[in-house]
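*Asks:* Got a file for you: model_12.tsv, TSV, C-alpha atoms.
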chain	number	residue	atom	x	y	z
A	1	MET	CA	-82.77	-141.26	-94.70
A	2	ARG	CA	-80.72	-141.54	-91.50
A	3	ILE	CA	-78.45	-138.65	-92.51
A	4	PHE	CA	-81.45	-136.52	-93.48
A	5	LYS	CA	-83.20	-137.22	-90.17
A	6	ASN	CA	-80.01	-136.50	-88.21
A	7	ILE	CA	-79.66	-133.11	-89.92
A	8	LEU	CA	-83.33	-132.39	-89.29
A	9	LEU	CA	-82.94	-133.39	-85.63
A	10	VAL	CA	-80.05	-130.96	-85.22
A	11	LEU	CA	-81.88	-128.09	-86.91
A	12	SER	CA	-85.16	-128.63	-85.05
A	13	THR	CA	-83.35	-128.99	-81.73
A	14	GLY	CA	-81.44	-125.84	-82.59
A	15	TYR	CA	-84.68	-123.92	-82.99
A	16	ILE	CA	-86.06	-125.27	-79.71
A	17	PHE	CA	-82.88	-123.87	-78.13
A	18	VAL	CA	-83.34	-120.54	-79.94
A	19	PHE	CA	-86.91	-120.28	-78.69
A	20	PHE	CA	-86.16	-120.84	-75.00
A	21	SER	CA	-82.70	-119.27	-74.86
A	22	GLU	CA	-83.33	-116.24	-77.08
A	23	HIS	CA	-86.99	-115.60	-77.90
A	24	VAL	CA	-88.29	-116.24	-74.40
A	25	PHE	CA	-85.35	-114.38	-72.87
A	26	TRP	CA	-85.71	-111.20	-74.95
A	27	ALA	CA	-89.51	-111.53	-75.16
A	28	ARG	CA	-89.86	-108.99	-77.96
A	29	VAL	CA	-88.45	-107.83	-81.28
A	30	ARG	CA	-85.48	-105.60	-80.51
A	31	PRO	CA	-84.44	-102.69	-82.76
A	32	GLU	CA	-81.29	-104.53	-83.84
A	33	ASP	CA	-83.16	-107.73	-84.76
A	34	SER	CA	-83.44	-108.77	-88.39
A	35	PHE	CA	-84.16	-111.93	-90.37
A	36	SER	CA	-80.46	-112.41	-91.17
A	37	GLU	CA	-79.58	-111.98	-87.49
A	38	TRP	CA	-82.16	-114.57	-86.43
A	39	LEU	CA	-80.91	-116.95	-89.13
A	40	ALA	CA	-77.34	-116.60	-87.86
A	41	VAL	CA	-78.52	-117.24	-84.30
A	42	TRP	CA	-80.38	-120.37	-85.45
A	43	ILE	CA	-77.24	-121.66	-87.18
A	44	ALA	CA	-75.16	-121.02	-84.05
A	45	TYR	CA	-77.65	-122.79	-81.82
A	46	SER	CA	-77.90	-125.66	-84.28
A	47	LEU	CA	-74.14	-126.16	-84.01
A	48	LEU	CA	-74.57	-126.13	-80.22
A	49	ALA	CA	-77.44	-128.59	-80.61
A	50	PHE	CA	-75.12	-130.91	-82.56
A	51	VAL	CA	-72.61	-130.88	-79.70
A	52	PHE	CA	-75.37	-131.34	-77.11
A	53	LEU	CA	-76.92	-134.30	-78.95
A	54	HIS	CA	-73.48	-135.83	-79.45
A	55	LEU	CA	-72.70	-135.54	-75.72
A	56	VAL	CA	-76.07	-136.95	-74.72
A	57	THR	CA	-75.68	-139.89	-77.10
A	58	TYR	CA	-71.97	-140.61	-76.58
A	59	PHE	CA	-72.12	-140.43	-72.78
A	60	LYS	CA	-75.42	-142.37	-72.57
A	61	VAL	CA	-77.31	-139.57	-70.84
A	62	ALA	CA	-80.55	-141.19	-69.64
A	63	ASN	CA	-81.35	-139.38	-66.38
A	64	ARG	CA	-82.01	-135.79	-65.43
A	65	TRP	CA	-78.75	-135.38	-63.46
A	66	ALA	CA	-76.50	-136.34	-66.35
A	67	LEU	CA	-78.78	-134.28	-68.58
A	68	PHE	CA	-78.13	-131.20	-66.44
A	69	LEU	CA	-74.39	-131.72	-66.94
A	70	ALA	CA	-74.86	-131.91	-70.72
A	71	GLY	CA	-77.03	-128.80	-70.43
A	72	ALA	CA	-74.26	-127.07	-68.50
A	73	ALA	CA	-71.85	-127.82	-71.35
A	74	PHE	CA	-74.35	-126.33	-73.80
A	75	GLY	CA	-74.88	-123.27	-71.60
A	76	TRP	CA	-71.21	-122.60	-70.99
A	77	MET	CA	-70.35	-123.03	-74.65
A	78	ALA	CA	-73.09	-120.56	-75.58
A	79	GLU	CA	-72.16	-118.01	-72.91
A	80	GLY	CA	-68.44	-118.73	-72.67
A	81	ILE	CA	-67.47	-119.18	-76.32
A	82	ILE	CA	-70.02	-117.60	-78.67
A	83	VAL	CA	-70.53	-114.70	-76.26
A	84	GLN	CA	-68.46	-114.05	-73.17
A	85	THR	CA	-71.06	-113.32	-70.48
A	86	THR	CA	-69.77	-116.22	-68.35
A	87	TYR	CA	-66.82	-114.02	-67.33
A	88	GLU	CA	-68.59	-110.67	-66.82
A	89	SER	CA	-69.65	-110.88	-63.15
A	90	LEU	CA	-67.71	-113.73	-61.62
A	91	PRO	CA	-68.55	-115.96	-59.86
A	92	LEU	CA	-72.33	-115.37	-60.25
A	93	SER	CA	-72.07	-115.25	-64.05
A	94	ILE	CA	-70.93	-118.87	-64.03
A	95	SER	CA	-74.50	-119.78	-63.11
A	96	PHE	CA	-76.53	-117.05	-64.79
A	97	THR	CA	-77.14	-117.68	-67.61
A	98	GLY	CA	-75.23	-120.85	-68.47
A	99	LEU	CA	-76.72	-122.95	-65.67
A	100	ALA	CA	-79.65	-120.90	-64.41
A	101	TRP	CA	-81.22	-120.33	-67.84
A	102	HIS	CA	-79.72	-122.63	-70.48
A	103	ALA	CA	-79.31	-125.83	-68.47
A	104	LEU	CA	-82.35	-125.34	-66.24
A	105	ILE	CA	-84.92	-123.66	-68.49
A	106	THR	CA	-83.86	-124.49	-72.04
A	107	ILE	CA	-82.69	-128.07	-71.44
A	108	TRP	CA	-84.55	-129.38	-68.39
A	109	ILE	CA	-87.86	-127.68	-69.17
A	110	GLY	CA	-87.86	-126.86	-72.88
A	111	TRP	CA	-86.00	-129.81	-74.36
A	112	TYR	CA	-86.74	-132.54	-71.83
A	113	ALA	CA	-89.89	-131.90	-69.75
A	114	LEU	CA	-92.02	-130.71	-72.65
A	115	ARG	CA	-90.87	-133.50	-74.97
A	116	GLN	CA	-91.53	-136.02	-72.22
A	117	ARG	CA	-95.07	-134.64	-71.83
A	118	LEU	CA	-95.54	-134.79	-75.58
A	119	SER	CA	-94.60	-138.48	-75.58
A	120	THR	CA	-97.49	-139.37	-73.23
A	121	PRO	CA	-101.05	-139.98	-74.48
A	122	ALA	CA	-102.66	-137.55	-72.01
A	123	SER	CA	-102.70	-134.03	-73.42
A	124	LEU	CA	-103.89	-132.51	-70.12
A	125	ARG	CA	-100.41	-132.84	-68.59
A	126	THR	CA	-98.92	-131.14	-71.64
A	127	LEU	CA	-101.53	-128.40	-71.38
A	128	LYS	CA	-100.74	-127.73	-67.71
A	129	LEU	CA	-96.99	-127.54	-68.28
A	130	ALA	CA	-97.38	-125.34	-71.36
A	131	ALA	CA	-99.68	-122.98	-69.45
A	132	ALA	CA	-97.21	-122.78	-66.55
A	133	ILE	CA	-94.38	-121.96	-68.96
A	134	GLY	CA	-96.57	-119.34	-70.63
A	135	ALA	CA	-97.38	-117.69	-67.29
A	136	GLY	CA	-93.69	-117.52	-66.45
A	137	TYR	CA	-92.97	-116.17	-69.93
A	138	GLY	CA	-95.49	-113.36	-69.54
A	139	LEU	CA	-94.20	-112.37	-66.11
A	140	TRP	CA	-90.60	-112.40	-67.30
A	141	ALA	CA	-91.49	-110.22	-70.31
A	142	ILE	CA	-92.70	-107.34	-68.16
A	143	ALA	CA	-89.25	-107.04	-66.57
A	144	TRP	CA	-88.01	-105.38	-69.79
A	145	TRP	CA	-90.35	-102.43	-69.13
A	146	LEU	CA	-88.02	-101.31	-66.34
A	147	GLU	CA	-84.69	-101.99	-68.06
A	148	PRO	CA	-82.65	-99.20	-69.74
A	149	ASP	CA	-82.21	-101.31	-72.88
A	150	GLY	CA	-85.77	-102.64	-72.77
A	151	GLY	CA	-89.06	-100.92	-73.45
A	152	VAL	CA	-92.78	-101.60	-73.36
A	153	ALA	CA	-93.96	-103.64	-76.33
A	154	THR	CA	-97.61	-103.10	-77.15
A	155	LEU	CA	-99.99	-106.01	-76.64
A	156	GLY	CA	-100.21	-106.44	-80.41
A	157	GLU	CA	-96.43	-106.48	-80.84
A	158	PHE	CA	-95.94	-108.95	-78.00
A	159	SER	CA	-98.79	-111.18	-79.16
A	160	THR	CA	-97.50	-111.32	-82.74
A	161	PHE	CA	-93.97	-112.13	-81.62
A	162	VAL	CA	-95.06	-114.82	-79.16
A	163	LEU	CA	-97.56	-116.48	-81.49
A	164	ILE	CA	-95.21	-116.68	-84.49
A	165	THR	CA	-92.22	-117.98	-82.52
A	166	SER	CA	-94.41	-120.43	-80.60
A	167	VAL	CA	-95.96	-121.90	-83.74
A	168	LEU	CA	-92.45	-122.33	-85.13
A	169	VAL	CA	-91.31	-124.13	-81.99
A	170	ILE	CA	-94.35	-126.43	-82.10
A	171	ILE	CA	-93.32	-127.37	-85.64
A	172	ALA	CA	-89.76	-127.87	-84.35
A	173	TYR	CA	-91.03	-130.27	-81.66
A	174	TRP	CA	-92.91	-132.26	-84.30
A	175	LEU	CA	-89.84	-132.45	-86.53
A	176	ALA	CA	-87.57	-133.37	-83.60
A	177	ASN	CA	-89.88	-136.21	-82.55
A	178	TRP	CA	-90.17	-137.47	-86.12
A	179	SER	CA	-86.44	-137.30	-86.90
A	180	ALA	CA	-85.44	-138.89	-83.56
A	181	SER	CA	-86.76	-142.22	-84.84
A	182	GLU	CA	-83.32	-142.69	-86.42
A	183	PRO	CA	-80.32	-143.01	-84.05
A	184	PHE	CA	-78.12	-139.93	-83.90
A	185	THR	CA	-74.81	-141.21	-85.28
A	186	PRO	CA	-72.95	-138.30	-86.87
A	187	ASN	CA	-70.00	-138.78	-89.17
A	188	ARG	CA	-66.66	-138.70	-87.34
A	189	TRP	CA	-65.23	-136.09	-89.71
A	190	VAL	CA	-68.26	-133.82	-89.31
A	191	THR	CA	-68.01	-134.16	-85.54
A	192	GLY	CA	-64.33	-133.26	-85.61
A	193	ILE	CA	-64.92	-130.23	-87.82
A	194	ILE	CA	-67.70	-128.83	-85.59
A	195	TYR	CA	-65.73	-129.30	-82.39
A	196	SER	CA	-62.69	-127.72	-84.09
A	197	LEU	CA	-64.76	-124.68	-85.08
A	198	PHE	CA	-65.72	-124.12	-81.44
A	199	ILE	CA	-62.11	-124.55	-80.29
A	200	LEU	CA	-60.80	-122.10	-82.88
A	201	TYR	CA	-63.52	-119.58	-82.06
A	202	PHE	CA	-62.71	-119.91	-78.39
A	203	LEU	CA	-58.97	-119.39	-78.91
A	204	PHE	CA	-59.13	-116.54	-81.43
A	205	ILE	CA	-62.36	-114.72	-80.45
A	206	ALA	CA	-63.40	-115.54	-76.88
A	207	VAL	CA	-59.99	-115.55	-75.21
A	208	PRO	CA	-58.83	-112.21	-76.66
A	209	ALA	CA	-62.17	-110.69	-75.60
A	210	ALA	CA	-61.98	-112.21	-72.10
A	211	PRO	CA	-58.48	-113.59	-71.30
A	212	VAL	CA	-59.68	-115.22	-68.08
A	213	ALA	CA	-61.69	-117.61	-70.30
A	214	ILE	CA	-58.54	-119.65	-70.99
A	215	ILE	CA	-58.57	-120.71	-67.32
A	216	ILE	CA	-62.24	-120.79	-66.39
A	217	LEU	CA	-63.90	-122.55	-69.33
A	218	PRO	CA	-61.53	-125.56	-69.46
A	219	ILE	CA	-62.09	-126.09	-65.72
A	220	LEU	CA	-65.88	-125.91	-66.08
A	221	LEU	CA	-66.02	-128.19	-69.11
A	222	GLY	CA	-63.51	-130.51	-67.43
A	223	LEU	CA	-65.93	-130.96	-64.53
A	224	VAL	CA	-68.70	-131.72	-67.01
A	225	TYR	CA	-66.50	-134.29	-68.77
A	226	PHE	CA	-65.61	-135.88	-65.45
A	227	GLY	CA	-69.28	-136.31	-64.55
A	228	LEU	CA	-70.42	-137.48	-67.98
A	229	ARG	CA	-67.59	-140.01	-68.27
A	230	LYS	CA	-68.64	-141.51	-64.94
A	231	ASN	CA	-72.22	-141.60	-66.15
A	232	LYS	CA	-71.22	-143.50	-69.30
A	233	GLN	CA	-69.42	-146.11	-67.20
A	234	THR	CA	-72.45	-146.82	-65.02
A	235	GLU	CA	-75.56	-146.07	-67.11
A	236	GLN	CA	-77.44	-149.18	-68.23
A	237	ASN	CA	-80.33	-147.54	-70.10
A	238	ASP	CA	-80.53	-146.08	-73.57
A	239	SER	CA	-79.76	-142.39	-73.96
A	240	LEU	CA	-82.63	-139.92	-73.99
A	241	PRO	CA	-82.68	-139.30	-77.78
A	242	ALA	CA	-83.40	-143.02	-78.19
A	243	THR	CA	-86.30	-142.94	-75.70
A	244	LEU	CA	-87.99	-139.65	-76.66
A	245	THR	CA	-89.11	-141.03	-80.02
A	246	SER	CA	-92.83	-141.76	-79.60
A	247	ARG	CA	-95.26	-140.03	-81.95
A	248	PRO	CA	-97.55	-137.74	-79.94
A	249	ASN	CA	-101.11	-137.25	-81.15
A	250	SER	CA	-102.10	-133.95	-82.69
A	251	LEU	CA	-104.04	-132.94	-79.56
A	252	ASN	CA	-100.77	-132.91	-77.61
A	253	TYR	CA	-99.20	-130.51	-80.07
A	254	LEU	CA	-102.27	-128.27	-79.95
A	255	SER	CA	-101.92	-128.25	-76.16
A	256	LEU	CA	-98.65	-126.35	-76.62
A	257	LEU	CA	-100.69	-123.35	-77.79
A	258	ALA	CA	-101.51	-122.83	-74.11
A	259	MET	CA	-97.97	-121.48	-73.80
A	260	PRO	CA	-98.33	-118.39	-76.04
A	261	LEU	CA	-101.98	-117.82	-75.11
A	262	THR	CA	-101.20	-117.82	-71.38
A	263	ALA	CA	-98.19	-115.56	-71.92
A	264	ILE	CA	-100.36	-113.09	-73.84
A	265	LEU	CA	-103.06	-113.19	-71.16
A	266	VAL	CA	-100.55	-112.50	-68.37
A	267	TYR	CA	-98.95	-109.71	-70.40
A	268	ALA	CA	-102.34	-108.14	-71.11
A	269	ILE	CA	-103.26	-108.19	-67.41
A	270	ALA	CA	-99.90	-106.63	-66.52
A	271	LEU	CA	-100.43	-103.86	-69.09
A	272	THR	CA	-103.91	-103.18	-67.80
A	273	LEU	CA	-102.74	-102.96	-64.19
A	274	ASP	CA	-99.51	-101.16	-65.16
A	275	LEU	CA	-97.48	-103.57	-63.07
A	276	GLN	CA	-93.98	-102.36	-62.25
A	277	TRP	CA	-92.45	-105.63	-61.10
A	278	HIS	CA	-88.76	-106.51	-61.30
A	279	THR	CA	-89.57	-110.10	-62.19
A	280	ASN	CA	-86.07	-110.55	-63.61
A	281	TRP	CA	-84.52	-110.03	-60.19
A	282	ILE	CA	-86.91	-112.55	-58.67
A	283	LEU	CA	-85.76	-115.08	-61.25
A	284	TYR	CA	-82.09	-114.18	-60.70
A	285	LEU	CA	-82.37	-114.62	-56.94
A	286	ILE	CA	-83.99	-118.03	-57.32
A	287	THR	CA	-82.22	-119.60	-60.29
A	288	THR	CA	-78.65	-118.33	-59.83
A	289	PRO	CA	-78.01	-120.24	-56.57
A	290	LEU	CA	-80.22	-123.05	-57.87
A	291	GLY	CA	-77.97	-123.43	-60.91
A	292	PHE	CA	-74.89	-123.88	-58.73
A	293	PHE	CA	-76.77	-126.30	-56.47
A	294	LEU	CA	-78.08	-128.43	-59.32
A	295	PHE	CA	-74.66	-128.64	-60.96
A	296	ILE	CA	-73.01	-129.81	-57.73
A	297	MET	CA	-75.90	-132.19	-57.09
A	298	SER	CA	-75.60	-133.58	-60.62
A	299	LEU	CA	-71.89	-134.32	-60.15
A	300	PHE	CA	-72.70	-135.99	-56.83
A	301	LYS	CA	-75.56	-138.04	-58.25
A	302	VAL	CA	-73.68	-139.40	-61.27
A	303	ARG	CA	-70.76	-140.32	-58.98
A	304	ARG	CA	-73.08	-142.19	-56.61
A	305	THR	CA	-74.91	-144.07	-59.34
A	306	PRO	CA	-73.98	-147.78	-59.05
Will you turn the file into structure tokens for me?
*Replies:*
Amino acid sequence: MRIFKNILLVLSTGYIFVFFSEHVFWARVRPEDSFSEWLAVWIAYSLLAFVFLHLVTYFKVANRWALFLAGAAFGWMAEGIIVQTTYESLPLSISFTGLAWHALITIWIGWYALRQRLSTPASLRTLKLAAAIGAGYGLWAIAWWLEPDGGVATLGEFSTFVLITSVLVIIAYWLANWSASEPFTPNRWVTGIIYSLFILYFLFIAVPAAPVAIIILPILLGLVYFGLRKNKQTEQNDSLPATLTSRPNSLNYLSLLAMPLTAILVYAIALTLDLQWHTNWILYLITTPLGFFLFIMSLFKVRRTP
């Protein structure tokens, strides 16, 4: 049962990552999207979820600062190994999207804040956070109207996409909470194989595509390791996967529907008013420096922890 729940935890966490890092980001079905493509993306993010959960467990990540460092590792592996956007517009691309989106939005908000709300009895707090995320989702989505590779999805297309992916992520939250009741203790050989796959992909795919990666990524991940190792030496509490294990009531899960419904409402209003807002640039201007700041602050905080 432990092995089954560990696999389920990885897969459900992987889909939570897909939802916030891919579905929310693209906010529509693109012409190149297909079921096989989405399945491959889910597998890739599940492998990243395995590494993330292993880091969080092994380094006893129990506070938001150490969590941001683990999120940075996840973000830089996604953007610096699987794809090479980390090296496209240096130095800003170090933050966006590895820190500014993956660590901040996917990990801090999607994986941690929402699961923390789900673990409390009061569904009103979950409802408020889900509605706030939905409002941000809807505003972000309209940015694609003004992009050369974007386009204006109809209200029906957007609503269908958001509702289906949101229902799937609600199921993923339920499965993650249920499977987290067993400690995440992966087999050493499995761990070695997955880390080796990322190393080989980095050396034979990422580095030839972006040679500067051989210098930049080891430095970035080295800083993460430095901070997480210090955290492990000083942290006295259980890691987050061991604490986010309570069973939320069904009303809390239903509260998550405020996320797609609010996103659809905001999108519908924007369509009606024909809003031409570059909401992506607003997000870039806020989260790109914020990502750098939070990473530096996280290293500082874990160093200062007694």
*Asks:* Just to confirm, what's the straight-line distance from atom CA of A:His54 to atom CA of A:His102 in Å (one decimal)?
*Replies:*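 These atoms are spaced 17.1 Å apart.
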*Asks:* Skip A:Gly227 itself and residues of its chain fewer than 2 positions away, then list as a PyMOL selection string all residues within 10 Å of it, counting only C-alpha atoms.
*Replies:* chain A and resi 59+65-66+69-70+221-225+229-232+298-303
*Asks:* Could you jot down the atom CA of A:Leu257 to atom CA of A:Ile16 separation for me, Å, one decimal place?
*Replies:* 14.9 Å
*Asks:* Using all atoms listed in the file, find all polymer residues with an atom at most 12 Å away from the point (-78.2, -133.9, -92.3); report them as a list in words.
*Replies:*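 The residues near that point, listed by chain and number, are Met1, Arg2, Ile3, Phe4, Lys5, Asn6, Ile7, Leu8, Leu9, Val10, Leu11, Ser12, Ser46, Phe50, Ser179, Glu182, Phe184, Thr185, Pro186, Asn187 and Val190 of chain A.
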*Asks:* May I have the residues within 9 Å of A:Leu254 as a list in words, using all atoms listed in the file and disregarding those fewer than 4 positions away in the same chain?
*Replies:* Ser123, Leu127, Ile170, Ser250 and Ala258 of chain A
*Asks:* Name all residues at most 12 Å from A:Leu139 (count only C-alpha atoms; drop same-chain ones fewer than 4 positions away) and give them as a PyMOL selection string.
*Replies:* chain A and resi 24-25+27+132-135+143-145+262-271+275-283
*Asks:* What's the separation between atom CA of A:Val51 and atom CA of A:Leu294, in Å to one decimal place?
*Replies:*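 A separation of 21.2 Å between them.
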*Asks:* My list of candidates is A:Ala49, A:Leu290, A:Val61, A:Ala40. Which is closest to A:Asn237 when distances are computed with all atoms listed in the file?
*Replies:*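 Of all the options, A:Val61 lies closest to A:Asn237.
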*Asks:* Residues at most 8 Å from A:Leu118, counting all atoms listed in the file, excluding those fewer than 5 positions away in the same chain, as a PyMOL selection string?
*Replies:* chain A and resi 123+126+248+252-253
*Asks:* Generate a file of the selected residues that holds C-alpha atoms, formatted as a tab-separated table (two decimals), in the coordinates of the input.
*Replies:*
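The resulting file, again.tsv, is reproduced below:
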chain	number	residue	atom	x	y	z
A	123	SER	CA	-102.70	-134.03	-73.42
A	126	THR	CA	-98.92	-131.14	-71.64
A	248	PRO	CA	-97.55	-137.74	-79.94
A	252	ASN	CA	-100.77	-132.91	-77.61
A	253	TYR	CA	-99.20	-130.51	-80.07
*Asks:* Which one is closest to A:Pro218: A:Met77, A:Val56, A:Ile107, A:Ile296? Count all atoms listed in the file.
*Replies:*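 Closest residue, counting all atoms listed in the file: A:Met77.
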*Asks:* List the residues sitting within 9 Å of (-94.0, -133.7, -78.0) in the file's frame, using all atoms listed in the file, as a list in words.
*Replies:* Leu114, Arg115, Gln116, Arg117, Leu118, Ser119, Thr120, Thr126, Ile170, Tyr173, Trp174, Ala176, Asn177, Leu244, Ser246, Arg247, Pro248, Asn249, Asn252, Tyr253 and Leu256 of chain A
*Asks:* For each of A:Val207, A:Ile142, A:Ile219, A:Ala242, take the minimum atom-to-atom distance to A:Ile94, counting all atoms listed in the file, then give the residue where this is smallest.
*Replies:*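 Distance minimum relative to A:Ile94 lands on A:Ile219.
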*Asks:* For A:Leu67, which residue among A:Phe35, A:Trp26, A:Trp108, A:Tyr284 is the nearest when counting all atoms listed in the file?
*Replies:*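 Ranked by minimum distance to A:Leu67, first place goes to A:Trp108.
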*Asks:* Skipping near chain neighbours, those fewer than 2 positions away, what residues fall within 9 Å of A:Thr106 using all atoms listed in the file, listed as a VMD selection string?
*Replies:* chain A and resid 16 to 21 71 101 to 104 108 to 112
*Asks:* A:Thr86, A:Ser95, A:Thr160, A:Ser166: which is nearest A:Tyr15, counting all atoms listed in the file?
*Replies:* A:Ser166
*Asks:* Using only C-alpha atoms, which of A:Phe158, A:Trp76, A:Tyr58, A:Phe204 sits nearest A:Val29?
*Replies:*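 Ranked by minimum distance to A:Val29, first place goes to A:Phe158.
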*Asks:* Generate the coordinates of N, CA, C and O atoms for stretch 101-113 of chain A; report them as an mmCIF file, keeping the file's coordinate frame.
*Replies:*
data_model
loop_
_atom_site.group_PDB
_atom_site.id
_atom_site.type_symbol
_atom_site.label_atom_id
_atom_site.label_comp_id
_atom_site.auth_asym_id
_atom_site.auth_seq_id
_atom_site.Cartn_x
_atom_site.Cartn_y
_atom_site.Cartn_z
ATOM 1 N N TRP A 101 -80.261 -120.459 -66.732
ATOM 2 C CA TRP A 101 -81.220 -120.330 -67.840
ATOM 3 C C TRP A 101 -81.068 -121.480 -68.833
ATOM 4 O O TRP A 101 -81.993 -122.237 -69.086
ATOM 5 N N HIS A 102 -79.887 -121.635 -69.406
ATOM 6 C CA HIS A 102 -79.720 -122.630 -70.480
ATOM 7 C C HIS A 102 -79.923 -124.057 -69.988
ATOM 8 O O HIS A 102 -80.707 -124.811 -70.575
ATOM 9 N N ALA A 103 -79.204 -124.456 -68.940
ATOM 10 C CA ALA A 103 -79.310 -125.830 -68.470
ATOM 11 C C ALA A 103 -80.658 -126.095 -67.811
ATOM 12 O O ALA A 103 -81.272 -127.151 -68.023
ATOM 13 N N LEU A 104 -81.126 -125.141 -67.008
ATOM 14 C CA LEU A 104 -82.350 -125.340 -66.240
ATOM 15 C C LEU A 104 -83.610 -125.136 -67.086
ATOM 16 O O LEU A 104 -84.496 -126.004 -67.124
ATOM 17 N N ILE A 105 -83.693 -123.998 -67.761
ATOM 18 C CA ILE A 105 -84.920 -123.660 -68.490
ATOM 19 C C ILE A 105 -84.932 -124.266 -69.893
ATOM 20 O O ILE A 105 -85.876 -124.963 -70.281
ATOM 21 N N THR A 106 -83.877 -124.005 -70.661
ATOM 22 C CA THR A 106 -83.860 -124.490 -72.040
ATOM 23 C C THR A 106 -83.792 -126.005 -72.119
ATOM 24 O O THR A 106 -84.560 -126.632 -72.871
ATOM 25 N N ILE A 107 -82.889 -126.623 -71.343
ATOM 26 C CA ILE A 107 -82.690 -128.070 -71.440
ATOM 27 C C ILE A 107 -83.679 -128.841 -70.573
ATOM 28 O O ILE A 107 -84.441 -129.680 -71.083
ATOM 29 N N TRP A 108 -83.680 -128.600 -69.275
ATOM 30 C CA TRP A 108 -84.550 -129.380 -68.390
ATOM 31 C C TRP A 108 -86.025 -129.188 -68.711
ATOM 32 O O TRP A 108 -86.786 -130.151 -68.736
ATOM 33 N N ILE A 109 -86.438 -127.947 -68.947
ATOM 34 C CA ILE A 109 -87.860 -127.680 -69.170
ATOM 35 C C ILE A 109 -88.215 -127.745 -70.655
ATOM 36 O O ILE A 109 -89.103 -128.492 -71.065
ATOM 37 N N GLY A 110 -87.509 -126.952 -71.466
ATOM 38 C CA GLY A 110 -87.860 -126.860 -72.880
ATOM 39 C C GLY A 110 -87.577 -128.107 -73.678
ATOM 40 O O GLY A 110 -88.429 -128.580 -74.440
ATOM 41 N N TRP A 111 -86.353 -128.650 -73.540
ATOM 42 C CA TRP A 111 -86.000 -129.810 -74.360
ATOM 43 C C TRP A 111 -86.493 -131.118 -73.766
ATOM 44 O O TRP A 111 -86.958 -131.993 -74.497
ATOM 45 N N TYR A 112 -86.419 -131.256 -72.444
ATOM 46 C CA TYR A 112 -86.740 -132.540 -71.830
ATOM 47 C C TYR A 112 -88.179 -132.640 -71.320
ATOM 48 O O TYR A 112 -88.937 -133.510 -71.754
ATOM 49 N N ALA A 113 -88.581 -131.765 -70.388
ATOM 50 C CA ALA A 113 -89.890 -131.900 -69.750
ATOM 51 C C ALA A 113 -91.033 -131.808 -70.760
ATOM 52 O O ALA A 113 -91.964 -132.625 -70.737
#
